[in-house]
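Here's the structure, in structure tokens; my notes come after.
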Amino acid sequence: MNATFKIDVQRPVKFFDGIADKASKPDPILKRWGGYFIATARKRADAAEGWPGLKASTVAKYTYTRTSKITSWGGVRTTYASKLEGYLKGQAKKGSATADMDLKELARLRAGGRVSKDDLAWGGSAALARLRKTAARAQAQRDQGKKATAGGKKRKIAGVKLLGRAARQITFLLAGTTVTALSKVPFAGVHNEGGTSGNDATQPKREFLSIRSKDQVLLSSIALEHFLK
């Protein structure tokens with residue numbers, strides 16, 4: 001008795017041809033890898049696992065610094081006033097009809113000018129209108145001999161994250177068959193690897209952008225899924 005076998009090689013040939021075609025167009029995999037690097041860097045930065053903490057002097061400084069628009073003495077906070085001034089000047093360049101008026105009022109407030117509770121209406125910038133209301137409440141507190149808490153009592157330390165935006169502004173670049181992940185912040189590298197920064201200060205290593213053994217497994221899974229789907 002003779003046995004006859006028929007083998008259809010077309011299906012496996014098409015399957016491997018498909019893999020070869022996907023391999024010749026690596027951008028989809030590289031983009032997914034880039035997205036993985038961004039997400040992983042952010043998670044590591046938020047977790048800060050094993051990272052050295054802030055210096056004691058920095059903690060002390062932030063602990064006693066409030067983040068409101070108004071200082072505890074009732075004045076407009078310098079950093080906030082500078083930001084608002086920049087915004088208003090930008091509005092002036094765009095042709096805002098109230099920009100000049102807004103800038104003059106901001107200058108008056110920065111110089112210690114008062115705001116009457118009976119004259120809170122403001123026909124210009126909404127941001128300046130809010131500042132005037134906060135200033136009026138703060139001044140009323142000061143008139144009663146109290147510290148100004150208008151605008152909140154939140155301390156800056158509550159919102160401080162190690163490395164700030166350096167570990168959270170990650171992007172990636174594609175070049176042929178290569179994807180490179182990097183921070184948009186120029187000084188991020190020295191923080192990631194540890195070393196001396198431009199002001200000769202020694203920065204401890206707080207690694208947020210790297211490929212670990214677990215990452216290699218997950219990156220391989222991404223590639224395998226792409227080729228086989």
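Chains: A, B, ... in order of the structure tokens. Residues: from 1 per chain. Ligands: from 1, in order shown.
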List the neighbours of range 174-177 of chain A out to 9 Å using only C-alpha atoms; skip same-chain residues closer than 3 positions along the sequence, and give me the result as a tab-separated table (two decimals) with N, CA and C atoms, in the first residue's frame.
```
chain	number	residue	atom	x	y	z
A	25	LYS	N	10.08	47.40	8.08
A	25	LYS	CA	9.43	48.67	8.43
A	25	LYS	C	9.36	48.77	9.96
A	26	PRO	N	10.46	49.13	10.61
A	26	PRO	CA	10.55	49.04	12.08
A	26	PRO	C	9.86	50.17	12.85
A	27	ASP	N	9.42	51.23	12.18
A	27	ASP	CA	8.88	52.38	12.90
A	27	ASP	C	7.78	52.04	13.91
A	30	LEU	N	9.42	50.67	17.01
A	30	LEU	CA	10.25	51.69	17.65
A	30	LEU	C	9.41	52.73	18.36
A	31	LYS	N	8.28	53.09	17.75
A	31	LYS	CA	7.40	54.08	18.38
A	31	LYS	C	6.79	53.52	19.67
A	34	GLY	N	9.44	53.61	22.22
A	34	GLY	CA	9.61	54.99	22.69
A	34	GLY	C	8.54	55.35	23.71
A	180	THR	N	15.89	56.46	20.24
A	180	THR	CA	16.65	57.04	21.34
A	180	THR	C	15.70	57.83	22.24
```
As a ChimeraX atom specification, list the residues of range 1-187 of chain A assigned to strand (DSSP E) by DSSP on the backbone atoms of this structure.
/A:170-175,178-183
Quick one: residues within 7 Å of Thr171 in chain A, only C-alpha atoms counted, chain neighbours fewer than 3 positions away excluded, as a list of chain:residue names?
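Close residues of Thr171 in chain A: A:Ile38, A:Ala181, A:Leu182, A:Ser183, A:Lys184.
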Selected residues written out, N, CA and C atoms, as a PDB file, in the first residue's frame:
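Done, and the output landed in out.pdb:
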```pdb
ATOM      1  N   ILE A  38       8.999  56.420  27.775  1.00  0.00           N
ATOM      2  CA  ILE A  38       8.410  57.614  28.386  1.00  0.00           C
ATOM      3  C   ILE A  38       7.595  57.244  29.625  1.00  0.00           C
ATOM      4  N   ALA A 181      15.659  57.483  23.518  1.00  0.00           N
ATOM      5  CA  ALA A 181      14.840  58.202  24.489  1.00  0.00           C
ATOM      6  C   ALA A 181      15.724  59.187  25.247  1.00  0.00           C
ATOM      7  N   LEU A 182      15.227  60.398  25.469  1.00  0.00           N
ATOM      8  CA  LEU A 182      16.013  61.409  26.159  1.00  0.00           C
ATOM      9  C   LEU A 182      15.095  62.420  26.819  1.00  0.00           C
ATOM     10  N   SER A 183      15.636  63.132  27.784  1.00  0.00           N
ATOM     11  CA  SER A 183      14.885  64.185  28.458  1.00  0.00           C
ATOM     12  C   SER A 183      15.053  65.487  27.680  1.00  0.00           C
ATOM     13  N   LYS A 184      14.008  66.297  27.682  1.00  0.00           N
ATOM     14  CA  LYS A 184      14.074  67.597  27.021  1.00  0.00           C
ATOM     15  C   LYS A 184      14.875  68.605  27.849  1.00  0.00           C
TER      16      LYS A 184
END
```
Write out as a list in words the residues lying within 8 Å of Ala167 in chain A, counting only C-alpha atoms and excluding same-chain residues fewer than 4 positions away.
Ala41, Arg42, Ala45, Leu163, Ser183, Ala188, Phe208 and Leu209 of chain A
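In this structure, CA of Glu49 in chain A sits 22.6 Å away from CA of Trp33 in chain A.
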From the list A:Lys83, A:Lys14, A:His226, A:Arg77, which residue is nearest Ala127 in chain A when using only C-alpha atoms?
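Selected residue with least distance to Ala127 in chain A: A:Lys83.
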Which of range 75-203 of chain A counts as alpha helix (DSSP H) under DSSP, as an mmCIF file with C-alpha atoms, in the first residue's frame please?
```cif
data_model
loop_
_atom_site.group_PDB
_atom_site.id
_atom_site.type_symbol
_atom_site.label_atom_id
_atom_site.label_comp_id
_atom_site.auth_asym_id
_atom_site.auth_seq_id
_atom_site.Cartn_x
_atom_site.Cartn_y
_atom_site.Cartn_z
ATOM 1 C CA THR A 78 7.431 88.350 43.538
ATOM 2 C CA THR A 79 7.486 85.140 41.488
ATOM 3 C CA TYR A 80 3.760 85.300 40.800
ATOM 4 C CA ALA A 81 3.898 89.005 39.905
ATOM 5 C CA SER A 82 6.724 88.357 37.417
ATOM 6 C CA LYS A 83 4.792 85.577 35.712
ATOM 7 C CA LEU A 84 1.647 87.682 35.533
ATOM 8 C CA GLU A 85 3.618 90.629 34.158
ATOM 9 C CA GLY A 86 5.033 88.428 31.403
ATOM 10 C CA TYR A 87 1.555 87.202 30.540
ATOM 11 C CA LEU A 88 0.123 90.734 30.426
ATOM 12 C CA LYS A 89 2.960 91.960 28.203
ATOM 13 C CA GLY A 90 2.197 89.076 25.874
ATOM 14 C CA GLN A 91 -1.439 90.166 25.798
ATOM 15 C CA ALA A 92 -0.311 93.719 24.981
ATOM 16 C CA LYS A 93 1.591 92.440 21.946
ATOM 17 C CA ALA A 99 -3.185 95.431 28.819
ATOM 18 C CA ASP A 100 -1.754 98.863 29.671
ATOM 19 C CA MET A 101 -4.329 99.371 32.393
ATOM 20 C CA ASP A 102 -3.652 95.881 33.749
ATOM 21 C CA LEU A 103 0.119 96.430 33.838
ATOM 22 C CA LYS A 104 -0.248 99.736 35.680
ATOM 23 C CA GLU A 105 -2.520 98.133 38.274
ATOM 24 C CA LEU A 106 -0.110 95.239 38.739
ATOM 25 C CA ALA A 107 2.744 97.704 39.281
ATOM 26 C CA ARG A 108 0.642 99.523 41.874
ATOM 27 C CA LEU A 109 -0.108 96.302 43.743
ATOM 28 C CA ARG A 110 3.541 95.246 43.666
ATOM 29 C CA ALA A 126 -9.450 88.046 34.754
ATOM 30 C CA ALA A 127 -6.153 86.960 36.353
ATOM 31 C CA LEU A 128 -5.587 90.455 37.687
ATOM 32 C CA ALA A 129 -9.171 90.623 38.928
ATOM 33 C CA ARG A 130 -8.570 87.463 40.964
ATOM 34 C CA LEU A 131 -5.320 88.870 42.326
ATOM 35 C CA ARG A 132 -7.086 92.069 43.438
ATOM 36 C CA LYS A 133 -9.723 90.056 45.325
ATOM 37 C CA THR A 134 -7.083 87.943 47.040
ATOM 38 C CA ALA A 135 -5.071 91.046 47.911
ATOM 39 C CA ALA A 136 -8.155 92.679 49.430
ATOM 40 C CA ARG A 137 -8.771 89.652 51.694
ATOM 41 C CA ALA A 138 -5.107 89.505 52.682
ATOM 42 C CA GLN A 139 -5.026 93.207 53.529
ATOM 43 C CA ALA A 140 -8.129 92.808 55.682
ATOM 44 C CA GLN A 141 -6.390 90.018 57.606
ATOM 45 C CA ARG A 142 -3.326 92.193 58.107
ATOM 46 C CA ASP A 143 -5.493 95.072 59.346
ATOM 47 C CA ALA A 188 18.855 65.651 33.091
ATOM 48 C CA GLY A 189 21.761 63.375 32.164
ATOM 49 C CA VAL A 190 23.922 64.256 35.152
ATOM 50 C CA HIS A 191 20.999 63.567 37.491
ATOM 51 C CA ASN A 192 20.253 60.245 35.812
ATOM 52 C CA GLU A 193 23.845 59.040 36.074
#
```
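Atom to atom, CA of Val179 in chain A and CA of Asp21 in chain A stand 19.2 Å apart.
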Can you list, as number ranges by chain, every protein, DNA or RNA residue that comes within 12 Å of Leu219 in chain A when you count only C-alpha atoms, leaving out same-chain residues fewer than 3 positions away?
A: 29-37, 40, 211-216, 222-226
Those same residues - N, CA and C atoms - I'd like them written as a CSV table (one decimal), in the first residue's frame.
```
chain,number,residue,atom,x,y,z
A,29,ILE,N,7.2,49.4,15.8
A,29,ILE,CA,7.8,48.8,17.0
A,29,ILE,C,8.6,49.9,17.7
A,30,LEU,N,9.4,50.7,17.0
A,30,LEU,CA,10.3,51.7,17.7
A,30,LEU,C,9.4,52.7,18.4
A,31,LYS,N,8.3,53.1,17.7
A,31,LYS,CA,7.4,54.1,18.4
A,31,LYS,C,6.8,53.5,19.7
A,32,ARG,N,6.4,52.2,19.6
A,32,ARG,CA,5.9,51.6,20.9
A,32,ARG,C,7.0,51.5,21.9
A,33,TRP,N,8.2,51.2,21.5
A,33,TRP,CA,9.3,51.2,22.5
A,33,TRP,C,9.5,52.6,23.1
A,34,GLY,N,9.4,53.6,22.2
A,34,GLY,CA,9.6,55.0,22.7
A,34,GLY,C,8.5,55.4,23.7
A,35,GLY,N,7.3,55.0,23.4
A,35,GLY,CA,6.2,55.2,24.4
A,35,GLY,C,6.4,54.5,25.7
A,36,TYR,N,7.0,53.3,25.6
A,36,TYR,CA,7.3,52.5,26.8
A,36,TYR,C,8.3,53.2,27.6
A,37,PHE,N,9.4,53.8,27.0
A,37,PHE,CA,10.4,54.5,27.7
A,37,PHE,C,9.9,55.7,28.5
A,40,THR,N,7.7,54.5,31.4
A,40,THR,CA,8.5,53.9,32.5
A,40,THR,C,9.3,55.0,33.2
A,211,ILE,N,17.6,50.8,30.7
A,211,ILE,CA,16.9,49.6,30.3
A,211,ILE,C,17.4,48.5,31.3
A,212,ARG,N,16.5,48.0,32.0
A,212,ARG,CA,16.8,46.9,33.0
A,212,ARG,C,16.3,45.6,32.5
A,213,SER,N,16.7,44.5,33.2
A,213,SER,CA,16.3,43.2,32.7
A,213,SER,C,14.8,43.0,32.5
A,214,LYS,N,14.0,43.5,33.3
A,214,LYS,CA,12.6,43.5,33.2
A,214,LYS,C,12.1,44.2,31.9
A,215,ASP,N,12.8,45.3,31.7
A,215,ASP,CA,12.4,46.1,30.5
A,215,ASP,C,12.8,45.3,29.2
A,216,GLN,N,13.9,44.6,29.2
A,216,GLN,CA,14.3,43.8,28.0
A,216,GLN,C,13.2,42.8,27.7
A,222,ILE,N,6.8,43.2,23.2
A,222,ILE,CA,6.2,44.2,22.2
A,222,ILE,C,6.6,43.8,20.8
A,223,ALA,N,7.9,43.5,20.6
A,223,ALA,CA,8.3,43.2,19.2
A,223,ALA,C,7.7,41.9,18.7
A,224,LEU,N,7.6,40.9,19.6
A,224,LEU,CA,7.0,39.6,19.2
A,224,LEU,C,5.5,39.8,18.9
A,225,GLU,N,4.8,40.5,19.7
A,225,GLU,CA,3.4,40.8,19.4
A,225,GLU,C,3.2,41.4,18.0
A,226,HIS,N,4.1,42.4,17.7
A,226,HIS,CA,4.0,43.1,16.5
A,226,HIS,C,4.2,42.1,15.3
```
For Pro204 in chain A, find every residue with an atom within 7 Å (counting only C-alpha atoms), except residues of its own chain fewer than 3 positions away, and show them as a PyMOL selection string.
chain A and resi 52+191+194-195
Only N, CA and C atoms, please: the residues just picked out, written as a JSON list (two decimals), in the first residue's frame.
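Below is the file part-v9.json, written as the result:
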```
[["chain", "number", "residue", "atom", "x", "y", "z"],
["A", 52, "PRO", "N", 18.18, 59.11, 46.61],
["A", 52, "PRO", "CA", 18.51, 59.97, 47.75],
["A", 52, "PRO", "C", 17.47, 61.09, 47.84],
["A", 191, "HIS", "N", 21.84, 64.05, 36.39],
["A", 191, "HIS", "CA", 21.00, 63.57, 37.49],
["A", 191, "HIS", "C", 20.71, 62.07, 37.32],
["A", 194, "GLY", "N", 24.37, 60.63, 37.85],
["A", 194, "GLY", "CA", 25.17, 61.14, 38.96],
["A", 194, "GLY", "C", 26.43, 61.80, 38.44],
["A", 195, "GLY", "N", 26.90, 62.82, 39.15],
["A", 195, "GLY", "CA", 28.12, 63.50, 38.71],
["A", 195, "GLY", "C", 28.09, 64.97, 39.07]]
```
Among listed residues A:Val115, A:Leu228, A:Leu162, A:Leu173, nearest Gly53 in chain A (using only C-alpha atoms):
A:Leu162
